[in-house]
Amino acid sequence: MTDDFTPPEEYGAATTLAHDDSFPAGAVVPPIYQTSLFTFASYAEMEAAFSGQVKRPVYSRGDNPTVQEFERKVAALEGAEAARGTASGMAAISSAVLSIAGAGDRILSTRHVYGDAYRLFEKLLPRLGITVDYVDCGDLAAVEAALPGAKLLYLENPTSMMFELQEIGRLAALAKAHGAATIIDNSWATPLFQQPLRHGVDLVVHSASKYLSGHSDTVAGVIAGSAEAIARVNDRTQPYLGGKLSPFEAWLLVRGMRTLPLRMRQHQESGLAIARRLADHPLVTRVLHPAFSNHPGGATLTGHSGLFSFEVEETVDVPRLVDALRLFKLGVSWGGHESLVVPARASLRQAQGPNSMSAFGVTPRIVRLAIGLEDTEDLWADLERALAGSVN
Ligand SMILES: *Cc1c(COP(=O)(O)O)cnc(C)c1O
């Protein structure tokens with residue numbers, strides 16, 4: 001395992017993920033460097049490392065070879081020069097945002113941003129002198145009107161309850177013209193289905209707890225971008241905020257990501273099949289799935305993951321519906337092997353303010369599904385049976 005290995009551009013994502021480079025003793029799986037520090041053979045070596053002359057791991061809060069293996073894989077998939085593993089998706093988001101914005105700065109965020117990103121924007125950033133405004137990033141004119149004076153444009157394409165789309169290439173160009181940087185949360189699409197850096201976005205953040213891990217067995221995150229943008233993260237935030245990724249979690253991620261292309265193909269196929277049947281179901285009023293939208297923001301998506309929402313008729317008792325499901329478990333998060341369901345009404349009561357769900361059309365009749373890796377027909381039978389038994 002060498003520090004400077006970058007998988008050749010000509011390899012596809014599956015090859016990049018399945019093919020590992022030179023691990024010690026010809027191993028095909030990376031070692032877990034379960035160590036907090038890395039010692040030096042001499043003073044000269046120590047000095048070379050401290051001065052930045054030689055890049056090598058010194059302390060695992062900074063660099064760790066197992067974590068670097070994960071970072072290289074994500075960078076290769078995103079078409080990034082560099083990536084930084086973090087302890088969670090929120091550690092990635094907070095480190096990325098604070099590497100750009102400081103006291104006196106204003107952030108423009110897409111409305112309906114991920115819940116804890118919203119709470120970061122509302123609870124912590126104002127205490128640091130950073131203000132955040134929200135706008136419908138599906139509306140270019142609205143973004144252009146709100147951009148002057150913003151330091152950062154924060155995106156999610158699509159958003160994760162209503163699945164609203166955004167034209168990330170045009171938005172990144174608009175932001176650049178106004179001197180603002182762009183960050184996008186790419187957890188939904190994964191780098192397999194959307195590569196925002198290729199469309200001019202500056203930094204990509206992921207909750208690796210979702211599809212990248214794929215097995216619901218770890219909480220992790222990652223930031224990807226140009227060498228310069230990641231150097232800024234390393235220089236200004238990540239090591240000091242301290243949200244580091246552990247070697248074992250990185251190992252789980254490298255293991256999980258080997259099947260990312262296979263899993264995403266299945267999430268997409270099964271998700272689309274179920275979304276289409278729901279759209280035809282008499283008890284369903286609409287399906288919120290990027291594949292069903294004609295918004296131009298869908299153009300950067302080369303595929304669809306298995307997370308989407310649908311809205312039921314008023315005659316359907318939503319709590320009864322979700323309680324009747326057997327394969328779809330009630331739970332937060334998504335991206336693992338198991339199918340999950342979250343009714344919007346469970347969060348509608350909590351959310352208030354500019355990010356409140358009711359402000360942009362979330363109704364108590366909306367239900368979000370994460371389609372897992374079970375047999376599509378079993379999942380559909382479960383949904384059909386639960387729907388039929390939940391009419392008032
Ligand atoms: C889960 C999630 C996050 C936060 O990631 P954690 O790994 O839980 O910290 C961020 N963005 C989106 C869209 C998510 O679903």
# chains A, B, ... in the order shown; residues from 1 in each chain; ligands from 1
>>> closest_atom_pairs(of="stretch 121-216 of chain A", to="stretch 324-340 of chain A", cutoff="10 Å", atoms="only C-alpha atoms", output="JSON lines")
{"residue": "A:Ser187", "atom": "CA", "partner": "A:Gly335", "partner_atom": "CA", "distance": 9.0}
{"residue": "A:Trp188", "atom": "CA", "partner": "A:Gly335", "partner_atom": "CA", "distance": 8.4}
{"residue": "A:Ser207", "atom": "CA", "partner": "A:Ser333", "partner_atom": "CA", "distance": 9.8}
{"residue": "A:Ala208", "atom": "CA", "partner": "A:Gly335", "partner_atom": "CA", "distance": 9.2}
{"residue": "A:Ser209", "atom": "CA", "partner": "A:Gly335", "partner_atom": "CA", "distance": 7.6}
{"residue": "A:Lys210", "atom": "CA", "partner": "A:Gly335", "partner_atom": "CA", "distance": 4.2}
{"residue": "A:Tyr211", "atom": "CA", "partner": "A:Gly335", "partner_atom": "CA", "distance": 4.2}
{"residue": "A:Leu212", "atom": "CA", "partner": "A:Gly335", "partner_atom": "CA", "distance": 7.8}
{"residue": "A:Ser213", "atom": "CA", "partner": "A:Gly336", "partner_atom": "CA", "distance": 7.4}
{"residue": "A:Gly214", "atom": "CA", "partner": "A:Gly336", "partner_atom": "CA", "distance": 4.3}
{"residue": "A:His215", "atom": "CA", "partner": "A:Gly336", "partner_atom": "CA", "distance": 4.6}
{"residue": "A:Ser216", "atom": "CA", "partner": "A:Gly336", "partner_atom": "CA", "distance": 5.0}
>>> select_by_dssp(residues="stretch 129-264 of chain A", states="alpha helix (DSSP H)", output="PyMOL selection string")
chain A and resi 140-146+168-177+190-193+227-236+238-241+247-257+260-264
>>> residues_around(residues="stretch 74-81 of chain A", least_positions_apart="2", cutoff="6 Å", atoms="only C-alpha atoms", output="ChimeraX atom specification")
/A:71-72,83,191,195,224-227
>>> residues_near_ligand(ligand="ligand 1", cutoff="9 Å", atoms="only C-alpha atoms and all ligand atoms", output="PyMOL selection string")
chain A and resi 86-93+113-117+156+158-160+185-188+205-210+218-221+332-335
>>> write_last_selection(atoms="N, CA, C and O atoms", output="compact mmCIF listing (two decimals), in the first residue's frame")
# COMPACT_ATOMS: atom_id res chain seq x y z
N THR A 86 -14.07 10.56 7.59
CA THR A 86 -14.47 11.18 8.86
C THR A 86 -15.31 10.21 9.68
O THR A 86 -15.78 9.20 9.17
N ALA A 87 -15.50 10.57 10.95
CA ALA A 87 -16.19 9.68 11.88
C ALA A 87 -17.67 9.52 11.57
O ALA A 87 -18.30 8.57 12.03
N SER A 88 -18.23 10.44 10.80
CA SER A 88 -19.66 10.37 10.47
C SER A 88 -19.91 11.29 9.29
O SER A 88 -19.04 12.11 8.94
N GLY A 89 -21.09 11.20 8.74
CA GLY A 89 -21.47 12.13 7.69
C GLY A 89 -21.50 13.55 8.23
O GLY A 89 -21.08 14.50 7.56
N MET A 90 -21.96 13.70 9.47
CA MET A 90 -22.01 15.04 10.06
C MET A 90 -20.62 15.60 10.31
O MET A 90 -20.41 16.81 10.21
N ALA A 91 -19.65 14.74 10.64
CA ALA A 91 -18.26 15.22 10.79
C ALA A 91 -17.75 15.71 9.44
O ALA A 91 -17.00 16.70 9.37
N ALA A 92 -18.16 15.05 8.36
CA ALA A 92 -17.76 15.48 7.01
C ALA A 92 -18.40 16.83 6.70
O ALA A 92 -17.74 17.76 6.21
N ILE A 93 -19.70 16.95 7.00
CA ILE A 93 -20.43 18.19 6.69
C ILE A 93 -19.87 19.36 7.50
O ILE A 93 -19.56 20.43 6.96
N VAL A 113 -32.89 20.74 3.84
CA VAL A 113 -31.61 20.06 3.94
C VAL A 113 -31.72 18.96 4.99
O VAL A 113 -32.63 18.98 5.83
N TYR A 114 -30.83 17.99 4.95
CA TYR A 114 -30.80 16.89 5.93
C TYR A 114 -30.92 17.44 7.36
O TYR A 114 -30.27 18.43 7.70
N GLY A 115 -31.72 16.79 8.19
CA GLY A 115 -32.11 17.31 9.51
C GLY A 115 -30.97 17.80 10.40
O GLY A 115 -31.02 18.91 10.93
N ASP A 116 -29.91 16.99 10.55
CA ASP A 116 -28.84 17.42 11.45
C ASP A 116 -27.93 18.45 10.80
O ASP A 116 -27.29 19.24 11.51
N ALA A 117 -27.90 18.51 9.47
CA ALA A 117 -27.16 19.60 8.80
C ALA A 117 -27.91 20.89 9.10
O ALA A 117 -27.31 21.93 9.41
N GLU A 156 -28.09 19.47 -1.99
CA GLU A 156 -28.37 18.03 -1.88
C GLU A 156 -29.20 17.69 -3.10
O GLU A 156 -30.32 18.19 -3.22
N PRO A 158 -30.81 14.47 -5.02
CA PRO A 158 -32.05 15.15 -4.59
C PRO A 158 -32.09 15.30 -3.08
O PRO A 158 -31.29 14.72 -2.38
N THR A 159 -33.09 16.09 -2.58
CA THR A 159 -33.31 16.21 -1.15
C THR A 159 -33.94 14.91 -0.65
O THR A 159 -34.54 14.16 -1.43
N SER A 160 -33.80 14.65 0.66
CA SER A 160 -34.08 13.28 1.08
C SER A 160 -35.45 12.97 1.69
O SER A 160 -35.60 11.95 2.32
N ASP A 185 -24.08 17.32 -0.70
CA ASP A 185 -24.24 16.05 -0.02
C ASP A 185 -24.68 15.05 -1.09
O ASP A 185 -25.77 15.14 -1.63
N ASN A 186 -23.80 14.09 -1.39
CA ASN A 186 -24.04 13.15 -2.50
C ASN A 186 -24.40 11.75 -1.99
O ASN A 186 -24.23 10.77 -2.71
N SER A 187 -24.89 11.68 -0.74
CA SER A 187 -25.15 10.36 -0.15
C SER A 187 -26.20 9.57 -0.92
O SER A 187 -26.09 8.35 -1.05
N TRP A 188 -27.24 10.25 -1.41
CA TRP A 188 -28.33 9.53 -2.08
C TRP A 188 -27.85 8.84 -3.35
O TRP A 188 -28.13 7.66 -3.56
N VAL A 205 -19.65 15.80 0.04
CA VAL A 205 -19.66 15.12 1.33
C VAL A 205 -20.61 13.92 1.24
O VAL A 205 -21.56 13.93 0.46
N HIS A 206 -20.29 12.89 2.02
CA HIS A 206 -21.13 11.70 2.07
C HIS A 206 -21.37 11.28 3.50
O HIS A 206 -20.44 11.34 4.31
N SER A 207 -22.56 10.78 3.77
CA SER A 207 -22.73 9.92 4.92
C SER A 207 -22.38 8.53 4.41
O SER A 207 -23.16 7.89 3.70
N ALA A 208 -21.18 8.06 4.74
CA ALA A 208 -20.75 6.72 4.31
C ALA A 208 -21.50 5.64 5.09
O ALA A 208 -21.41 4.45 4.77
N SER A 209 -22.23 6.08 6.13
CA SER A 209 -23.08 5.15 6.90
C SER A 209 -24.16 4.54 6.01
O SER A 209 -24.75 3.52 6.37
N LYS A 210 -24.45 5.17 4.88
CA LYS A 210 -25.55 4.75 4.02
C LYS A 210 -25.04 3.77 2.96
O LYS A 210 -24.55 2.72 3.31
N THR A 218 -21.90 0.49 10.33
CA THR A 218 -20.96 1.53 10.73
C THR A 218 -21.53 2.92 10.49
O THR A 218 -22.40 3.10 9.64
N VAL A 219 -21.05 3.88 11.29
CA VAL A 219 -21.35 5.29 11.06
C VAL A 219 -20.05 5.94 10.62
O VAL A 219 -19.03 5.82 11.32
N ALA A 220 -20.06 6.56 9.44
CA ALA A 220 -18.82 7.12 8.88
C ALA A 220 -19.16 8.16 7.83
O ALA A 220 -20.30 8.26 7.38
N GLY A 221 -18.15 8.94 7.45
CA GLY A 221 -18.36 9.95 6.42
C GLY A 221 -17.11 10.17 5.61
O GLY A 221 -16.04 9.60 5.91
N VAL A 332 -34.78 4.94 11.18
CA VAL A 332 -34.09 6.01 10.46
C VAL A 332 -32.97 5.40 9.63
O VAL A 332 -32.78 4.20 9.62
N SER A 333 -32.21 6.25 8.99
CA SER A 333 -31.10 5.85 8.14
C SER A 333 -31.62 5.04 6.94
O SER A 333 -32.83 4.88 6.77
N TRP A 334 -30.70 4.58 6.12
CA TRP A 334 -31.03 3.87 4.89
C TRP A 334 -29.72 3.49 4.22
O TRP A 334 -28.65 3.85 4.71
N GLY A 335 -29.80 2.77 3.11
CA GLY A 335 -28.59 2.43 2.35
C GLY A 335 -28.03 1.07 2.68
O GLY A 335 -27.04 0.66 2.08
>>> closest_residue(among="A:Leu260, A:Leu153, A:Val97, A:Leu165", to="A:Leu373", atoms="only C-alpha atoms")
A:Leu260
>>> closest_residue(among="A:Pro364, A:Val143, A:Leu98, A:Asn157", to="A:Leu128", atoms="only C-alpha atoms")
A:Leu98
>>> closest_atom_pairs(of="stretch 235-319 of chain A", to="stretch 16-23 of chain A", cutoff="10 Å", atoms="only C-alpha atoms", output="Markdown table")
| residue | atom | partner | partner_atom | distance |
| --- | --- | --- | --- | --- |
| A:Val254 | CA | A:Leu17 | CA | 7.9 |
| A:Arg255 | CA | A:Leu17 | CA | 9.0 |
| A:Gly256 | CA | A:Leu17 | CA | 9.6 |
| A:Met257 | CA | A:Leu17 | CA | 6.6 |
| A:Arg258 | CA | A:Leu17 | CA | 5.0 |
| A:Thr259 | CA | A:Leu17 | CA | 7.9 |
| A:Leu260 | CA | A:Leu17 | CA | 8.2 |
| A:Pro261 | CA | A:Leu17 | CA | 8.8 |
>>> write_last_selection(atoms="C-alpha atoms", output="PDB file, in the first residue's frame")
ATOM      1  CA  VAL A 254     -13.488  -0.865   1.937  1.00  0.00           C
ATOM      2  CA  ARG A 255     -15.074  -4.294   2.341  1.00  0.00           C
ATOM      3  CA  GLY A 256     -18.614  -2.991   1.888  1.00  0.00           C
ATOM      4  CA  MET A 257     -17.743  -0.868  -1.128  1.00  0.00           C
ATOM      5  CA  ARG A 258     -16.485  -3.839  -3.142  1.00  0.00           C
ATOM      6  CA  THR A 259     -20.132  -4.674  -3.809  1.00  0.00           C
ATOM      7  CA  LEU A 260     -21.302  -1.075  -4.230  1.00  0.00           C
ATOM      8  CA  PRO A 261     -21.883  -1.426  -8.020  1.00  0.00           C
TER       9      PRO A 261
END
>>> closest_residue(among="A:Arg84, A:Ala41, A:Thr237, A:Phe70", to="A:Ala101", atoms="only C-alpha atoms")
A:Thr237
>>> residues_around(residues="A:His267", least_positions_apart="6", cutoff="7 Å", atoms="only C-alpha atoms", output="PyMOL selection string")
chain A and resi 305-306+371-373
>>> write_last_selection(atoms="N, CA and C atoms", output="PDB file, in the first residue's frame")
ATOM      1  N   SER A 305     -30.973   5.510  -6.767  1.00  0.00           N
ATOM      2  CA  SER A 305     -30.830   4.598  -5.641  1.00  0.00           C
ATOM      3  C   SER A 305     -32.220   4.132  -5.199  1.00  0.00           C
ATOM      4  N   GLY A 306     -32.302   3.499  -4.052  1.00  0.00           N
ATOM      5  CA  GLY A 306     -33.558   2.872  -3.647  1.00  0.00           C
ATOM      6  C   GLY A 306     -34.318   3.625  -2.585  1.00  0.00           C
ATOM      7  N   ILE A 371     -35.556   0.965  -0.134  1.00  0.00           N
ATOM      8  CA  ILE A 371     -35.667  -0.385  -0.691  1.00  0.00           C
ATOM      9  C   ILE A 371     -34.335  -1.102  -0.506  1.00  0.00           C
ATOM     10  N   GLY A 372     -34.370  -2.187   0.240  1.00  0.00           N
ATOM     11  CA  GLY A 372     -33.152  -2.948   0.522  1.00  0.00           C
ATOM     12  C   GLY A 372     -32.886  -4.005  -0.536  1.00  0.00           C
ATOM     13  N   LEU A 373     -32.184  -5.039  -0.141  1.00  0.00           N
ATOM     14  CA  LEU A 373     -31.729  -6.050  -1.106  1.00  0.00           C
ATOM     15  C   LEU A 373     -32.575  -7.323  -1.079  1.00  0.00           C
TER      16      LEU A 373
END
>>> select_by_dssp(residues="stretch 58-135 of chain A", states="strand (DSSP E or B)", output="VMD selection string")
chain A and resid 59 82 to 86 106 to 110 131 to 135
>>> atom_distance(atom1="atom CA of A:Glu314", atom2="atom CA of A:His289")
20.4 Å
>>> closest_residue(among="A:Val322, A:Leu272, A:Leu171, A:Val367", to="A:Ala141", atoms="only C-alpha atoms")
A:Leu171
>>> closest_residue(among="A:Pro65, A:Gly52, A:Pro57, A:Gly303", to="A:Ala250", atoms="only C-alpha atoms")
A:Pro65
